[in-house]
Every structure is written in structure tokens, then in C-alpha cells.
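K.L.:
To be precise about what I am sending: the file is called input-v1.cif and holds mmCIF, C-alpha atoms and all ligand atoms.
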data_upload
loop_
_atom_site.label_atom_id
_atom_site.label_comp_id
_atom_site.auth_asym_id
_atom_site.auth_seq_id
_atom_site.Cartn_x
_atom_site.Cartn_y
_atom_site.Cartn_z
CA MET T 815 -76.93 116.82 297.11
CA GLU T 816 -75.00 113.81 295.93
CA TYR T 817 -73.75 113.98 292.31
CA THR T 818 -74.93 110.72 290.75
CA VAL T 819 -74.20 108.76 287.56
CA LYS T 820 -77.55 110.00 286.29
CA ASP T 821 -76.38 113.60 286.76
CA ALA T 822 -73.13 112.86 284.93
CA VAL T 823 -75.02 111.41 281.95
CA ARG T 824 -77.31 114.45 281.84
CA ASP T 825 -74.33 116.83 281.92
CA ALA T 826 -72.52 114.90 279.18
CA VAL T 827 -75.28 115.58 276.65
CA THR T 828 -76.00 119.19 277.65
CA THR T 829 -72.58 120.79 278.13
CA GLY T 830 -71.61 120.54 274.42
CA VAL T 831 -74.40 122.84 273.27
CA LYS T 832 -73.45 126.46 272.64
CA MET T 833 -75.77 129.37 273.25
CA ILE T 834 -75.23 131.99 270.54
CA ASP T 835 -76.66 135.40 271.33
CA GLN T 836 -78.53 136.77 268.32
CA SER T 837 -80.37 139.56 270.07
CA GLY T 838 -80.87 142.36 267.56
CA HIS T 839 -79.33 140.22 264.80
CA ARG T 840 -80.85 140.69 261.38
CA ASP T 841 -80.74 137.63 259.11
CA THR T 842 -79.06 138.09 255.73
CA SER T 843 -79.19 136.38 252.35
CA SER T 844 -76.57 133.75 251.49
CA PRO T 845 -73.33 134.81 249.77
CA ILE T 846 -72.80 133.81 246.13
CA TRP T 847 -70.32 131.16 245.11
CA PRO T 848 -67.91 132.24 242.37
CA PRO T 849 -68.40 130.60 238.97
CA VAL T 850 -65.85 127.97 237.91
CA VAL T 851 -64.95 126.23 234.66
CA VAL T 852 -63.54 122.76 233.96
CA ARG T 853 -62.00 122.69 230.48
CA LYS T 854 -62.20 119.82 228.00
CA GLU T 855 -58.44 119.29 228.24
CA GLN T 856 -58.80 118.72 232.00
CA PHE T 857 -61.62 116.21 231.38
CA ASP T 858 -59.59 114.41 228.74
CA ALA T 859 -56.49 114.23 230.95
CA GLU T 860 -58.47 112.99 233.96
CA SER T 861 -60.48 110.40 232.05
CA THR T 862 -57.25 109.12 230.46
CA ARG T 863 -55.63 108.90 233.91
CA LEU T 864 -58.66 107.07 235.36
CA GLY T 865 -58.69 104.66 232.44
CA SER T 866 -54.99 103.86 232.83
CA LEU T 867 -55.28 102.78 236.49
CA ALA T 868 -55.13 99.12 237.45
CA GLN T 869 -58.78 98.21 237.86
CA PRO T 870 -59.86 99.69 241.22
CA GLN T 871 -62.19 98.09 243.76
CA TYR T 872 -65.87 97.78 242.85
CA GLY T 873 -65.05 98.71 239.25
CA ILE T 874 -65.14 102.39 240.18
CA ARG T 875 -62.87 104.70 238.18
CA ARG T 876 -64.14 108.02 239.44
CA ALA T 877 -62.96 111.58 240.06
CA LEU T 878 -65.05 114.26 241.75
CA LEU T 879 -65.05 117.84 240.45
CA VAL T 880 -64.89 119.92 243.61
CA HIS T 881 -65.59 123.65 243.79
CA PRO T 882 -62.97 125.50 245.86
CA GLU T 883 -65.71 126.71 248.27
CA SER T 884 -67.10 123.22 248.88
CA THR T 885 -66.68 121.35 252.13
CA LEU T 886 -68.71 118.40 250.80
CA ASN T 887 -66.76 117.43 247.65
CA SER T 888 -69.46 119.07 245.57
CA PHE T 889 -69.58 121.30 242.48
CA THR T 890 -72.46 123.40 243.75
CA PRO T 891 -73.55 123.35 247.41
CA GLY T 892 -76.11 120.63 246.66
CA ILE T 893 -74.89 118.86 243.51
CA ARG T 894 -71.93 116.50 243.21
CA VAL T 895 -70.36 116.03 239.79
CA ALA T 896 -68.24 112.98 239.05
CA ILE T 897 -66.35 111.82 235.99
CA GLU T 898 -66.81 108.06 235.85
CA VAL T 899 -64.88 105.84 233.48
CA LEU T 900 -65.16 102.21 232.45
CA ASN T 901 -62.79 100.50 230.06
CA ALA T 902 -64.18 98.06 227.48
CA GLY T 903 -65.76 95.04 229.14
CA GLU T 904 -65.69 96.48 232.67
CA GLU T 905 -68.66 96.90 234.97
CA THR T 906 -69.38 98.39 238.38
CA THR T 907 -70.57 96.46 241.43
CA PRO T 908 -74.35 96.84 242.02
CA ILE T 909 -75.16 99.34 244.74
CA ALA T 910 -78.19 101.16 246.17
CA GLU T 911 -78.31 104.56 247.85
CA ASN T 912 -81.02 106.92 249.03
CA GLY T 913 -79.83 109.74 246.76
CA SER T 914 -80.70 110.13 243.10
CA SER T 915 -78.56 110.94 240.07
CA VAL T 916 -78.59 112.03 236.46
CA SER T 917 -75.95 110.64 234.11
CA LEU T 918 -74.71 111.95 230.78
CA CYS T 919 -72.55 109.68 228.65
CA ILE T 920 -69.85 111.88 227.08
CA ALA T 921 -67.80 109.15 225.39
CA GLY T 922 -68.40 105.55 224.37
CA ARG T 923 -71.53 103.56 225.09
CA GLY T 924 -72.86 101.03 227.57
CA GLN T 925 -75.67 99.62 229.60
CA ALA T 926 -77.10 100.60 232.97
CA THR T 927 -79.07 98.06 234.96
CA ILE T 928 -81.35 99.90 237.38
CA ASN T 929 -83.46 97.52 239.45
CA GLU T 930 -84.89 95.12 236.85
CA GLU T 931 -84.69 97.65 234.01
CA VAL T 932 -81.91 97.55 231.45
CA VAL T 933 -81.03 100.87 229.82
CA ASP T 934 -78.74 100.80 226.77
CA PHE T 935 -77.09 104.15 226.27
CA ASP T 936 -74.91 105.83 223.67
CA THR T 937 -72.82 109.00 223.63
CA LEU T 938 -74.83 112.08 224.78
CA ASP T 939 -77.76 110.03 226.08
CA THR T 940 -79.04 111.09 229.53
CA TRP T 941 -80.65 108.83 232.10
CA SER T 942 -81.94 109.03 235.66
CA THR T 943 -81.27 106.70 238.57
CA PRO T 944 -83.97 106.88 241.26
CA ASN T 945 -83.52 106.71 245.02
CA MET T 946 -82.73 103.26 246.46
CA ALA T 947 -82.54 101.67 242.99
CA ILE T 948 -79.97 98.89 242.78
CA SER T 949 -77.81 100.01 239.88
CA LYS T 950 -74.73 99.03 237.97
CA VAL T 951 -73.13 100.18 234.73
CA ILE T 952 -71.38 98.10 232.06
CA ASN T 953 -69.18 99.17 229.18
CA THR T 954 -70.63 97.12 226.32
CA GLY T 955 -68.62 98.98 223.66
CA ASP T 956 -65.06 98.72 222.37
CA GLU T 957 -63.99 102.18 223.45
CA ARG T 958 -63.49 103.84 226.82
CA GLN T 959 -66.82 104.91 228.33
CA VAL T 960 -66.90 108.27 230.12
CA ARG T 961 -69.92 109.54 232.06
CA LEU T 962 -70.69 112.72 233.93
CA VAL T 963 -72.74 111.79 236.98
CA PHE T 964 -74.67 114.51 238.82
CA SER T 965 -76.04 113.53 242.23
CA ASP T 966 -77.70 115.02 245.30
CA ALA T 967 -75.40 113.12 247.69
CA PRO T 968 -73.97 116.33 249.24
CA LEU T 969 -77.42 117.29 250.49
CA LEU T 970 -77.75 113.97 252.27
CA GLU T 971 -74.25 114.28 253.68
CA LEU T 972 -75.13 117.78 254.92
CA LEU T 973 -78.11 116.22 256.71
CA TRP T 974 -75.97 113.29 257.89
CA ALA T 975 -78.61 111.11 256.24
CA ARG T 976 -76.88 109.44 253.31
CA TYR T 977 -77.49 105.68 253.09
CA VAL T 978 -75.45 103.42 250.82
CA ASP T 979 -75.93 99.65 250.67
CA ASP T 980 -74.20 97.16 248.36
CA SER T 981 -76.35 94.23 249.51
CA TYR T 982 -79.75 95.89 249.57
CA VAL T 983 -82.78 93.63 249.12
CA PRO T 984 -86.04 95.59 248.70
CA HIS T 985 -88.67 94.73 251.27
CA ARG T 986 -91.57 92.75 249.90
CA ASP T 987 -94.75 91.65 251.66
CA ASP T 988 -97.28 89.84 249.47
CA ALA T 989 -99.91 90.06 252.23
CA TYR T 990 -99.65 93.89 252.40
CA THR T 991 -102.84 95.91 252.46
CA ARG T 992 -102.98 99.62 253.20
CA ASP T 993 -104.75 100.79 256.32
CA PRO T 994 -107.74 103.00 255.35
CA LEU T 995 -106.80 105.30 258.23
CA ALA T 996 -103.66 106.18 256.27
CA ASP T 997 -105.77 108.55 254.17
CA TYR T 998 -107.91 109.90 256.98
CA VAL T 999 -107.84 113.65 257.58
CA TYR T 1000 -109.43 115.46 260.47
CA ASN T 1001 -110.16 119.04 259.45
CA MET T 1002 -109.67 121.50 262.30
CA PRO T 1003 -112.92 123.21 263.25
CA THR T 1004 -111.00 126.53 263.32
CA GLY T 1005 -107.59 127.50 261.94
CA GLU T 1006 -108.02 125.63 258.61
CA GLY T 1007 -105.24 123.14 259.32
CA GLY T 1008 -105.79 119.42 259.60
CA ILE T 1009 -104.63 116.37 261.46
CA ARG T 1010 -103.43 113.18 259.81
CA THR T 1011 -102.88 109.86 261.45
CA TYR T 1012 -99.85 107.87 262.44
CA GLN T 1013 -101.06 105.26 259.94
CA GLY T 1014 -100.66 107.90 257.21
CA LEU T 1015 -97.28 108.95 258.54
CA ILE T 1016 -95.83 105.45 258.26
CA ASP T 1017 -97.53 104.50 254.97
CA PRO T 1018 -97.90 107.58 252.74
CA GLU T 1019 -99.21 107.34 249.21
CA ILE T 1020 -96.60 105.72 246.94
CA VAL T 1021 -95.16 107.41 243.85
CA VAL T 1022 -93.22 104.77 241.96
CA GLN T 1023 -89.89 106.05 240.64
CA ARG T 1024 -88.48 104.41 237.53
CA PRO T 1025 -85.32 105.15 235.55
CA HIS T 1026 -85.82 107.08 232.32
CA ILE T 1027 -83.56 107.67 229.34
CA TRP T 1028 -83.54 110.66 227.01
CA ARG T 1029 -81.80 109.61 223.80
CA TRP T 1030 -79.69 112.33 222.27
CA GLN T 1031 -80.95 111.86 218.73
CA GLU T 1032 -84.58 112.11 219.85
CA VAL T 1033 -83.94 115.18 222.02
CA ARG T 1034 -81.98 116.80 219.20
CA SER T 1035 -84.88 116.22 216.80
CA TYR T 1036 -87.24 117.83 219.32
CA LEU T 1037 -85.00 120.89 219.67
CA ASN T 1038 -84.76 121.34 215.93
CA ALA T 1039 -88.53 121.02 215.46
CA MET T 1040 -89.21 123.93 217.84
CA ARG T 1041 -90.22 127.26 216.41
CA LYS T 1042 -87.15 129.49 216.52
CA GLU T 1043 -88.54 132.95 215.87
CA GLY T 1044 -89.82 133.66 219.41
CA LEU T 1045 -88.78 136.83 221.20
CA ASP T 1046 -86.94 134.93 223.96
CA GLN T 1047 -84.69 132.27 222.48
CA ARG T 1048 -84.82 130.25 225.71
CA ALA T 1049 -88.46 129.41 224.93
CA SER T 1050 -87.42 127.98 221.57
CA SER T 1051 -84.25 126.22 222.64
CA ILE T 1052 -84.74 124.61 226.07
CA ALA T 1053 -86.01 121.06 226.56
CA LEU T 1054 -86.58 120.02 230.18
CA LEU T 1055 -85.91 116.30 230.57
CA TRP T 1056 -88.99 115.53 232.61
CA ASN T 1057 -89.67 112.50 234.76
CA PRO T 1058 -93.49 112.31 234.97
CA ALA T 1059 -93.32 110.95 238.53
CA THR T 1060 -91.99 114.36 239.67
CA GLY T 1061 -95.15 116.11 238.45
CA ARG T 1062 -95.28 119.88 238.91
CA PHE T 1063 -91.83 119.89 240.51
CA ASN T 1064 -90.42 119.46 236.99
CA GLY T 1065 -87.65 117.07 237.90
CA THR T 1066 -85.51 114.55 236.14
CA THR T 1067 -85.18 113.07 239.62
CA ASN T 1068 -86.84 114.37 242.79
CA THR T 1069 -84.05 116.91 243.33
CA LEU T 1070 -82.30 117.37 239.97
CA THR T 1071 -83.62 118.87 236.76
CA ALA T 1072 -81.67 118.30 233.54
CA TYR T 1073 -82.10 120.09 230.22
CA MET T 1074 -80.82 119.88 226.68
CA SER T 1075 -80.81 123.23 224.93
CA GLY T 1076 -79.99 124.52 221.48
CA GLY T 1077 -80.76 123.48 217.95
CA GLN T 1078 -80.36 125.18 214.60
CA ASP T 1079 -80.22 128.96 215.05
CA PRO T 1080 -81.52 130.80 211.97
CA SER T 1081 -80.45 134.14 213.45
CA TRP T 1082 -76.83 133.07 213.81
CA MET T 1083 -74.24 135.57 212.64
CA PRO T 1084 -70.47 135.06 212.95
CA ASP T 1085 -68.87 136.68 216.01
CA ARG T 1086 -72.22 137.67 217.54
CA TYR T 1087 -73.34 135.93 220.73
CA ARG T 1088 -77.10 135.68 221.02
CA MET T 1089 -77.49 136.43 224.74
CA ALA T 1090 -80.53 135.86 226.94
CA ARG T 1091 -81.69 138.45 229.44
CA SER T 1092 -79.68 138.92 232.67
CA HIS T 1093 -81.55 137.38 235.57
CA ARG T 1094 -81.03 135.40 238.77
CA HIS T 1095 -82.60 132.60 240.76
CA THR T 1096 -82.03 130.54 243.88
CA VAL T 1097 -81.69 127.49 241.62
CA THR T 1098 -78.06 126.75 240.65
CA ALA T 1099 -77.12 125.76 237.09
CA ILE T 1100 -74.23 123.72 235.71
CA ASN T 1101 -73.69 123.65 231.94
CA TYR T 1102 -71.74 121.24 229.74
CA ALA T 1103 -71.21 122.42 226.17
CA ILE T 1104 -71.92 119.82 223.50
CA ALA T 1105 -71.60 121.96 220.37
CA GLY T 1106 -70.92 125.58 219.54
CA GLU T 1107 -69.26 128.50 221.26
CA TRP T 1108 -70.93 129.75 224.43
CA ARG T 1109 -70.66 132.80 226.63
CA THR T 1110 -71.83 133.41 230.18
CA VAL T 1111 -71.68 136.73 231.96
CA VAL T 1112 -72.09 135.97 235.65
CA GLU T 1113 -71.44 138.36 238.54
CA ARG T 1114 -68.89 140.41 236.53
CA HIS T 1115 -67.14 137.34 235.14
CA ASP T 1116 -67.22 136.98 231.35
CA ILE T 1117 -66.70 133.30 230.56
CA ARG T 1118 -66.33 131.79 227.09
CA TRP T 1119 -66.87 128.06 226.93
CA SER T 1120 -66.60 125.50 224.18
CA PRO T 1121 -67.59 121.87 223.51
CA GLY T 1122 -66.42 119.62 226.33
CA ASP T 1123 -66.22 122.41 228.95
CA LEU T 1124 -68.27 122.28 232.18
CA VAL T 1125 -69.24 125.59 233.80
CA LEU T 1126 -71.01 126.69 236.96
CA THR T 1127 -73.00 129.23 234.97
CA ALA T 1128 -75.47 130.19 237.70
CA PRO T 1129 -74.45 130.00 241.34
CA ALA T 1130 -77.54 130.49 243.51
CA TRP T 1131 -78.71 134.11 243.22
CA GLY T 1132 -75.82 135.06 240.92
CA ILE T 1133 -76.88 137.47 238.17
CA HIS T 1134 -76.15 135.78 234.85
CA ALA T 1135 -76.88 135.67 231.14
CA ASN T 1136 -76.01 132.87 228.74
CA GLY T 1137 -75.72 132.89 224.99
CA SER T 1138 -74.24 131.03 222.05
CA CYS T 1139 -72.59 131.86 218.76
CA ASP T 1140 -73.02 128.94 216.40
CA PRO T 1141 -75.41 127.85 213.64
CA GLU T 1142 -76.28 124.71 215.68
CA PRO T 1143 -75.24 124.98 219.36
CA TYR T 1144 -76.14 122.49 222.10
CA THR T 1145 -75.65 122.47 225.86
CA PHE T 1146 -76.57 120.08 228.64
CA THR T 1147 -77.65 121.63 231.95
CA VAL T 1148 -78.28 120.32 235.44
CA GLN T 1149 -80.01 122.40 238.09
CA ASP T 1150 -81.29 121.75 241.61
CA ALA T 1151 -84.64 123.05 240.36
CA ALA T 1152 -86.77 120.07 241.42
CA LEU T 1153 -85.42 120.33 244.96
CA HIS T 1154 -86.27 124.02 245.15
CA ALA T 1155 -89.72 123.39 243.67
CA ALA T 1156 -90.41 120.72 246.31
CA MET T 1157 -89.16 123.06 249.05
CA ASN T 1158 -91.19 125.95 247.60
CA THR T 1159 -88.01 128.05 247.49
CA SER T 1160 -87.71 128.73 243.71
CA LEU T 1161 -87.20 132.45 243.86
CA PHE T 1162 -86.71 133.94 240.38
CA GLN T 1163 -85.89 137.49 239.41
CA GLU T 1164 -86.33 137.47 235.64
CA TYR T 1165 -86.45 141.25 235.42
CA MET T 1166 -83.85 142.91 237.63
CA SER T 1167 -86.02 146.02 237.95
CA LYS T 1168 -88.92 144.02 239.41
CA SER T 1169 -89.37 142.04 242.63
CA PRO T 1170 -88.44 138.35 242.68
CA ILE T 1171 -91.27 135.82 242.16
CA LEU T 1172 -91.69 132.61 244.11
CA LEU T 1173 -92.34 130.22 241.22
CA GLY T 1174 -95.08 127.69 241.85
CA ALA T 1175 -96.58 129.82 244.61
CA GLN T 1176 -97.06 133.09 242.71
CA PRO T 1177 -97.93 133.71 239.03
CA GLY T 1178 -94.75 133.16 236.98
CA PHE T 1179 -93.36 134.70 233.81
CA ARG T 1180 -94.30 134.56 230.15
CA SER T 1181 -91.41 134.02 227.82
CA GLY T 1182 -92.39 136.64 225.28
CA ALA T 1183 -92.70 133.93 222.62
CA GLU T 1184 -95.93 133.20 220.78
CA PRO T 1185 -98.71 132.10 223.16
CA GLU T 1186 -99.44 128.76 221.47
CA PRO T 1187 -97.27 125.72 222.31
CA ASN T 1188 -94.10 125.23 220.36
CA ARG T 1189 -94.62 123.21 217.22
CA VAL T 1190 -92.97 119.80 217.44
CA GLY T 1191 -92.34 117.36 214.61
CA ALA T 1192 -93.47 119.76 211.89
FE FE T 1201 -80.81 131.28 234.59
#
As C-alpha cells, how would this structure be written, given the file I've shared?
P.N.:
Amino acid sequence: MEYTVKDAVRDAVTTGVKMIDQSGHRDTSSPIWPPVVVRKEQFDAESTRLGSLAQPQYGIRRALLVHPESTLNSFTPGIRVAIEVLNAGEETTPIAENGSSVSLCIAGRGQATINEEVVDFDTLDTWSTPNMAISKVINTGDERQVRLVFSDAPLLELLWARYVDDSYVPHRDDAYTRDPLADYVYNMPTGEGGIRTYQGLIDPEIVVQRPHIWRWQEVRSYLNAMRKEGLDQRASSIALLWNPATGRFNGTTNTLTAYMSGGQDPSWMPDRYRMARSHRHTVTAINYAIAGEWRTVVERHDIRWSPGDLVLTAPAWGIHANGSCDPEPYTFTVQDAALHAAMNTSLFQEYMSKSPILLGAQPGFRSGAEPEPNRVGA
């Protein structure tokens, strides 16, 4: 039979696909990334270098902190960490992207404009930038502004689905009405599943995402108003910076969950680290020390970290325990917890002698603290 152009086109798209024999292959859990530390001196040197450059394009003075295992310029497999610097009076060019980010100002002050909302921030304030928000940052102070920016961009790059647009204009249709069929569900007579419509597929229910800011002084007051005598100090020292639009997924954005932890520690004794229980989870954790001396024991590594250090304290499924030794320690944490919650993959093993629990799908843990809510403002 004659070999036609149509045959050639068919062969061009089929011959590149490999067939990998997995007969008898048993799937295995992922390996664990080694922990890493970025010291304050490295931050200081890099932010000084960024600040001394002739002003780069788009106002971006940025360095990425890249884990040696990463192929996506990321700090954990799914989280990118950038140091971003603006000198006094500088600002970035507005841009929109389909990822989301959490920013922590570690020096100076400034203003973020996120869509129509203006967020004034100071040192140690945290704020969120939602997906497809048009955002820019200004240094409104007299000193160099340094931010740590945590984003989910590597996930989108892994999916080859990252979208970045510096001239994005949100779609607006004043005549829009939602098709009632968008909410229609046909319940299967057997099998308990359902069928939804194409109208629902192309116009799902909207959850409006707005930027939020967690001001350091307010978060610090919260931490210090918490009851400290609980059995598990994590229950009396962790504040999850919650964006209400993420609901039960407990996010700061739809993928990232940030925390401030610490506060006055009445049990503090010199040279004694107050360590939490060793445990592990599929969620990864990055910590930035704000005050106090900290210690993490993770997969046989014993890491001491101090104010201004950034640590990968919990690679996914790495056994770890954190603790501090200071009368008033503080740390900032970012995890991919909201992503795992949305994927229903938050596997936690709080007690190493017991089976892991799929949080959100199975009954979780109790902290061992008093059953009533922590007292705030008292
Ligand atoms: Fe943990």
C-alpha cells in the first residue's frame, strides 16, 4: 500500500512514545530530599549584591534559593523561594500570573498593589498574592526593602501550565448571567456517582480570592496571648495565617500555608531546647527564624538555626522534630499544606509507632493540650 503524507503525520506523533515494561513492578514511596540551610550571612551578602546592581529590567532584583536536588529552581519540589530587593523609591512592573505567592518582608517597608487593593507592609509582615492578580511592589521607605517570596510556580512549570502576563486585563461582561444548568446534577440510579453538565464545567461556582495581610505586631500579640502550659507546645505556639477563601484546606493561598510560631516561653531554661515530638508528613516545611535559637533534628541531621536563617526543616516524609531555646522565640513557616489538603494527600504520622493518618479524610490528632480553645486577648 502506498505510504501517504497522512501516514507520515501519524508516524511522527506515535514513534516518540516509549513503552516501559512494568510487569511485576511494585510501586514505591518517593525518596526524601536532604534538608538544607541558608544562613543569615548568605542572605545579607546576596541582598547587598542585588541592591548594588544597576537597576535591572522590570525593577526586579531577585535571586532564587535553589535546592541541590531541584530541576525547577525550587527550594522544595513544589515551592520556589526568592529573595527580592527594592532600593528606596523603586518599584516593580505590574504583572499577573496563574500561580500564587506568600511574601514576608524581612527588611525595610513598602506597599504592594494587588488588583485594586493597596497593602502597606512593614518588616515581618506577611501577605498573600492570589492567582491572576495584577501585582506590583513599591519601596516607600528610606531603607533597602528585602522580601522572601514563596510561590507555587514550580508546580505549574512541572505541569507545563504556568501563565505569566504583563498586560493582563481581566475579562468583564456586565450582561453576564449564570446558566441554571451550571448547578444541575444528575444522580446515578446505581453506583452513587453523579453527572454534571458542560455548563457547570465551564462556569463553576466562583470563590473570590483577595490579598490578605498578617501584620507582625498583631500576630505577635496573638501568640503571646495563647495559653502556654499545654502538653504539646505546638498547640500553644503555632498561628496558621488563614485565608478564609481557602476554607477547610487551611491555606494562606490555595496551595501554600504560612504560619508564625513562638511567643514568650515560661518554661525556658538556658541551654535546653524544648523539642516537639518526632513525626513526619507528606507536607514539606520551610522555616525562617525571626528570634531565638532553634534546633531541628531531621533524618539524622542535627541542625541549629538562628535569626535570619532559612531551613528546609521537613522534606516530604522526612522524620523531624523542631524546638527552640529562648525566652521569646519566633519562626515563620511555609508549607505546601493547602495543596496537599486540596489533593487529599495530607498523610501525617504523628506517632511513629502508629499508622499514618490521611488528614481531612480520617479522624486526626488531638494535641494533648486542654480541650477548650486557646485563650486569646486575655
Ligand atoms: Fe512537622
K.L.:
If the limit is 9 Å from any atom of ligand FE 1201 (chain T), counting all atoms listed in the file, which residues qualify? Return them as a list in words.
P.N.:
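The distance check yields Ala1090, Arg1091, Ser1092, His1093, Arg1094, His1095, Val1097, Thr1098, Ala1099, Thr1127, Ala1128, Gly1132, Ile1133, His1134, Ala1135, Asn1136, Phe1162 and Glu1164 of chain T.
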K.L.:
Pick out the residues sitting within 10 Å of Tyr1012 of chain T, and hand them over as a ChimeraX atom specification; count only C-alpha atoms, and ignore anything fewer than 4 positions along from it in its own chain.
P.N.:
/T:995-996,998,1016-1018
K.L.:
Give me the residues within 9 Å of Phe1146 of chain T as a list in words, counting only C-alpha atoms and dropping any in the same chain fewer than 3 places off.
P.N.:
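That gives Leu918, Ala1072, Tyr1073, Met1074, Ser1075, Ile1100, Asn1101, Tyr1102, Ala1103 and Ile1104 of chain T.
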K.L.:
Any idea what's packed within 8 Å of segment 895-911 of chain T, counting only C-alpha atoms, ignoring anything in its chain fewer than 3 positions away? Could you give it as an NGL selection string?
P.N.:
:T and (857 or 861 or 864-865 or 872-880 or 888-889 or 914 or 945-965 or 976-982)
K.L.:
Output C-alpha atoms for every residue in that selection, as a PDB file, in the coordinates of the input.
P.N.:
ATOM      1  CA  PHE T 857     -61.620 116.210 231.380  1.00  0.00           C
ATOM      2  CA  SER T 861     -60.480 110.400 232.050  1.00  0.00           C
ATOM      3  CA  LEU T 864     -58.660 107.070 235.360  1.00  0.00           C
ATOM      4  CA  GLY T 865     -58.690 104.660 232.440  1.00  0.00           C
ATOM      5  CA  TYR T 872     -65.870  97.780 242.850  1.00  0.00           C
ATOM      6  CA  GLY T 873     -65.050  98.710 239.250  1.00  0.00           C
ATOM      7  CA  ILE T 874     -65.140 102.390 240.180  1.00  0.00           C
ATOM      8  CA  ARG T 875     -62.870 104.700 238.180  1.00  0.00           C
ATOM      9  CA  ARG T 876     -64.140 108.020 239.440  1.00  0.00           C
ATOM     10  CA  ALA T 877     -62.960 111.580 240.060  1.00  0.00           C
ATOM     11  CA  LEU T 878     -65.050 114.260 241.750  1.00  0.00           C
ATOM     12  CA  LEU T 879     -65.050 117.840 240.450  1.00  0.00           C
ATOM     13  CA  VAL T 880     -64.890 119.920 243.610  1.00  0.00           C
ATOM     14  CA  SER T 888     -69.460 119.070 245.570  1.00  0.00           C
ATOM     15  CA  PHE T 889     -69.580 121.300 242.480  1.00  0.00           C
ATOM     16  CA  SER T 914     -80.700 110.130 243.100  1.00  0.00           C
ATOM     17  CA  ASN T 945     -83.520 106.710 245.020  1.00  0.00           C
ATOM     18  CA  MET T 946     -82.730 103.260 246.460  1.00  0.00           C
ATOM     19  CA  ALA T 947     -82.540 101.670 242.990  1.00  0.00           C
ATOM     20  CA  ILE T 948     -79.970  98.890 242.780  1.00  0.00           C
ATOM     21  CA  SER T 949     -77.810 100.010 239.880  1.00  0.00           C
ATOM     22  CA  LYS T 950     -74.730  99.030 237.970  1.00  0.00           C
ATOM     23  CA  VAL T 951     -73.130 100.180 234.730  1.00  0.00           C
ATOM     24  CA  ILE T 952     -71.380  98.100 232.060  1.00  0.00           C
ATOM     25  CA  ASN T 953     -69.180  99.170 229.180  1.00  0.00           C
ATOM     26  CA  THR T 954     -70.630  97.120 226.320  1.00  0.00           C
ATOM     27  CA  GLY T 955     -68.620  98.980 223.660  1.00  0.00           C
ATOM     28  CA  ASP T 956     -65.060  98.720 222.370  1.00  0.00           C
ATOM     29  CA  GLU T 957     -63.990 102.180 223.450  1.00  0.00           C
ATOM     30  CA  ARG T 958     -63.490 103.840 226.820  1.00  0.00           C
ATOM     31  CA  GLN T 959     -66.820 104.910 228.330  1.00  0.00           C
ATOM     32  CA  VAL T 960     -66.900 108.270 230.120  1.00  0.00           C
ATOM     33  CA  ARG T 961     -69.920 109.540 232.060  1.00  0.00           C
ATOM     34  CA  LEU T 962     -70.690 112.720 233.930  1.00  0.00           C
ATOM     35  CA  VAL T 963     -72.740 111.790 236.980  1.00  0.00           C
ATOM     36  CA  PHE T 964     -74.670 114.510 238.820  1.00  0.00           C
ATOM     37  CA  SER T 965     -76.040 113.530 242.230  1.00  0.00           C
ATOM     38  CA  ARG T 976     -76.880 109.440 253.310  1.00  0.00           C
ATOM     39  CA  TYR T 977     -77.490 105.680 253.090  1.00  0.00           C
ATOM     40  CA  VAL T 978     -75.450 103.420 250.820  1.00  0.00           C
ATOM     41  CA  ASP T 979     -75.930  99.650 250.670  1.00  0.00           C
ATOM     42  CA  ASP T 980     -74.200  97.160 248.360  1.00  0.00           C
ATOM     43  CA  SER T 981     -76.350  94.230 249.510  1.00  0.00           C
ATOM     44  CA  TYR T 982     -79.750  95.890 249.570  1.00  0.00           C
TER      45      TYR T 982
END
K.L.:
Would you pick out the contacts of segment 1026-1032 of chain T at 6 Å or less, using all atoms listed in the file, so that residues sharing its chain but fewer than 3 positions from it are not included, and give the list as a list in words?
P.N.:
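Skipping anything fewer than 3 positions along the chain leaves Leu938, Asp939, Thr940, Trp941, Ser942 and Ser1035 of chain T.
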K.L.:
Write the residues of the selection above to a file with C-alpha atoms, as a JSON list (two decimals), keeping the file's coordinate frame.
P.N.:
[["chain", "number", "residue", "atom", "x", "y", "z"],
["T", 938, "LEU", "CA", -74.83, 112.08, 224.78],
["T", 939, "ASP", "CA", -77.76, 110.03, 226.08],
["T", 940, "THR", "CA", -79.04, 111.09, 229.53],
["T", 941, "TRP", "CA", -80.65, 108.83, 232.10],
["T", 942, "SER", "CA", -81.94, 109.03, 235.66],
["T", 1035, "SER", "CA", -84.88, 116.22, 216.80]]
K.L.:
Enter the distance from atom CA of Glu1142 of chain T to atom CA of Arg1118 of chain T, in Å, rounded to one decimal.
P.N.:
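According to the coordinates, atom CA of Glu1142 of chain T and atom CA of Arg1118 of chain T are separated by 16.7 Å.
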K.L.:
Using all atoms listed in the file, which residue out of T:Glu1019, T:Glu855, T:Asp993, T:Asp966 lies closest to Ser915 of chain T?
P.N.:
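Closest candidate: T:Asp966.
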